[in-house]
Amino acid sequence: ATRCTGGLYCKAQRKQTLLHFAGRRAMDIEGLGDKSVEQLVDEGLVSSPADLYALKFDDIVDLEGFAELSSNKLLSAIEDSKQPSLARFIYALGIPDVGEETAKVLARSLGSLERVQQALPQVLTYLPDVGLEVAHEIHSFFEDAHNQQVIEELLKHGLQIQDQGELGAEFSASTTLGGFLDKLHIPSVGPGGAQKLADKFGSLEAVMNADWLDMRQALPEKQANSVREFFAVEENRQRSLTAEAQLADFGMHWQSEKKVVEGLPLAGQTWVLTGSLELMSRDIAKDKLESLGAKVAGSVSAKTHCVVAGPGAGSKLTKANELGLKVLDEEAFVVFLSKHGITV
DNA sequence: GAGTACAGCGCGGACTACTT
DNA sequence: AAGTAGTCCGCGCTGTACTC
């Protein structure tokens with residue numbers, strides 16, 4: 001994507017950042033819409049999200065449209081936003097390519113802001129739907145000095161991020177030594193070769209320091225050569241060790257098998273909501289489904305398990321019918337939920 | 001046979017249009 | 001004007017044909 005390179009100095013970008021930060025799905029600061037952000041930035045009162053938390057009554061009461069009432073309202077809305085969930089907070093930061101879903105994944109899997117901030121690209125790619133590209137965006141966002149400063153100030157102003165905790169299961173479950181070696185992208189060595197190395201040596205150090213004979217026992221000549229050459233490069237050794245150290249630091253230990261069968265009834269299923277739902281909001285419906293282990297997607301495909309269609313459903317319902325997918329109307333959906341012990 | 005390169009697909013994210 | 005459904009694009013993943 002191309003974006004304005006004005007960075008810190010670009011007013012328009014700062015406004016966008018603030019609007020996103022305050023948005024209903026992010027920090028949910030009511031009363032901070034287009035108009036107010038416009039003024040706050042133009043008057044030089046606010047230039048980063050952190051500045052919001054330093055605003056005083058006297059600063060804003062003279063602004064256009066801000067008499068006593070709305071000033072107090074805004075201040076208390078800001079105050080009320082001080083305990084965001086980790087997922088919301090990450091989303092609010094507006095990291096490129098990180099929307100609500102990816103923010104949730106980061107929060108769930110890494111469990112704490114520190115870990116998200118420190119995570120190396122190689123480590124981030126362990127998360128579902130995070131590839132190298134997105135991993136680098138995340139990593140460089142937190143490496144940026146200005147971004148670091150803003151986060152630091154936010155915390156200093158009393159922001160308390162909730163649900164800091166342990167590493168999530170999906171992260172720990174997906175880390176194996178074989179998988180890790182595969183991610184190093186040693187030329188000529190794919191998943192198969194990586195697994196053989198893992199089986200034979202059992203640790204990264206052992207692979208790095210293996211002598212030729214042992215190496216040849218694990219792999220054919222060409223691949224064995226490639227591995228040696230790879231680890232002969234100092235930079236590769238460092239990168240591998242750092243990534244491994246971080247995984248260990250995050251409390252990770254190599255596991256032999258990756259598969260976790262989740263106990264949730266809809267684990268692994270993808271659902272789609274379309275049309276207007278009248279008995280509950282879309283967000284609630286989505287939450288309910290997610291709590292049963294389902295993934296709620298935005299578009300219908302052959303991989304969709306079920307479509308919930310309210311009145312006014314359009315192309316998605318058509319497609320679902322074309323594909324012969326299971327479709328529930330809202331009433332049937334509510335019945336379905338109650339069968340799983342969820343009341344609306 | 002194993003690794004790689006490539007293509008197609010599904011989903012998330014961002015944008016647009018429509019409704020109220 | 002705000003909120004929501006629909007559309008479009010790009011990233012990551014998977015499956016397949018190709019190569020060594």
# chains A, B, ... in the order shown; residues from 1 in each chain; ligands from 1

call {"tool": "residues_around", "arguments": {"residues": "A:Asp51", "least_positions_apart": "4", "cutoff": "9 Å", "atoms": "only C-alpha atoms (C1' of nucleotides)", "output": "list of chain:residue names"}}
result
A:Leu45, A:Val46, A:Ser47, A:Leu55, A:Val150, A:Glu153, A:Leu154

call {"tool": "interface_residues", "arguments": {"of": "chain B", "to": "chain A", "cutoff": "7 Å", "atoms": "only C-alpha atoms (C1' of nucleotides)", "output": "list of chain:residue names"}}
result
B:DG3, B:DC11, B:DG13

call {"tool": "interface_residues", "arguments": {"of": "chain C", "to": "chain A", "cutoff": "12 Å", "atoms": "only C-alpha atoms (C1' of nucleotides)", "output": "list in words"}}
result
DA1, DA2, DG3, DT4, DA5, DG6, DT7, DC8, DC9, DG10, DC11, DG12, DC13 and DC20 of chain C

call {"tool": "write_last_selection", "arguments": {"atoms": "C-alpha atoms (C1' of nucleotides)", "output": "mmCIF file, in the first residue's frame"}}
result
data_model
loop_
_atom_site.group_PDB
_atom_site.id
_atom_site.type_symbol
_atom_site.label_atom_id
_atom_site.label_comp_id
_atom_site.auth_asym_id
_atom_site.auth_seq_id
_atom_site.Cartn_x
_atom_site.Cartn_y
_atom_site.Cartn_z
ATOM 1 C "C1'" DA C 1 -24.842 12.125 10.207
ATOM 2 C "C1'" DA C 2 -24.304 7.558 11.737
ATOM 3 C "C1'" DG C 3 -24.417 2.910 11.318
ATOM 4 C "C1'" DT C 4 -24.489 -1.131 8.572
ATOM 5 C "C1'" DA C 5 -24.302 -4.070 4.353
ATOM 6 C "C1'" DG C 6 -21.830 -4.821 0.259
ATOM 7 C "C1'" DT C 7 -17.603 -4.554 -2.731
ATOM 8 C "C1'" DC C 8 -12.791 -4.712 -3.817
ATOM 9 C "C1'" DC C 9 -7.950 -5.632 -3.085
ATOM 10 C "C1'" DG C 10 -3.964 -7.824 -1.160
ATOM 11 C "C1'" DC C 11 -1.790 -11.135 2.067
ATOM 12 C "C1'" DG C 12 -1.285 -15.710 3.611
ATOM 13 C "C1'" DC C 13 -2.329 -20.428 2.878
ATOM 14 C "C1'" DC C 20 16.553 -31.614 -9.495
#

call {"tool": "closest_residue", "arguments": {"among": "A:Gln39, A:Ser281, A:Gln195, A:Gln148", "to": "A:Glu114", "atoms": "only C-alpha atoms"}}
result
A:Gln148

call {"tool": "atom_distance", "arguments": {"atom1": "atom CA of A:Leu40", "atom2": "atom CA of A:Gln160"}}
result
24.0 Å

call {"tool": "residues_around", "arguments": {"residues": "B:DC6", "least_positions_apart": "3", "cutoff": "12 Å", "atoms": "only C-alpha atoms (C1' of nucleotides)", "output": "PyMOL selection string"}}
result
chain C and resi 14-18

call {"tool": "closest_residue", "arguments": {"among": "A:Lys196, A:Gln122, A:Pro265, A:Leu323", "to": "A:Leu247", "atoms": "only C-alpha atoms"}}
result
A:Gln122
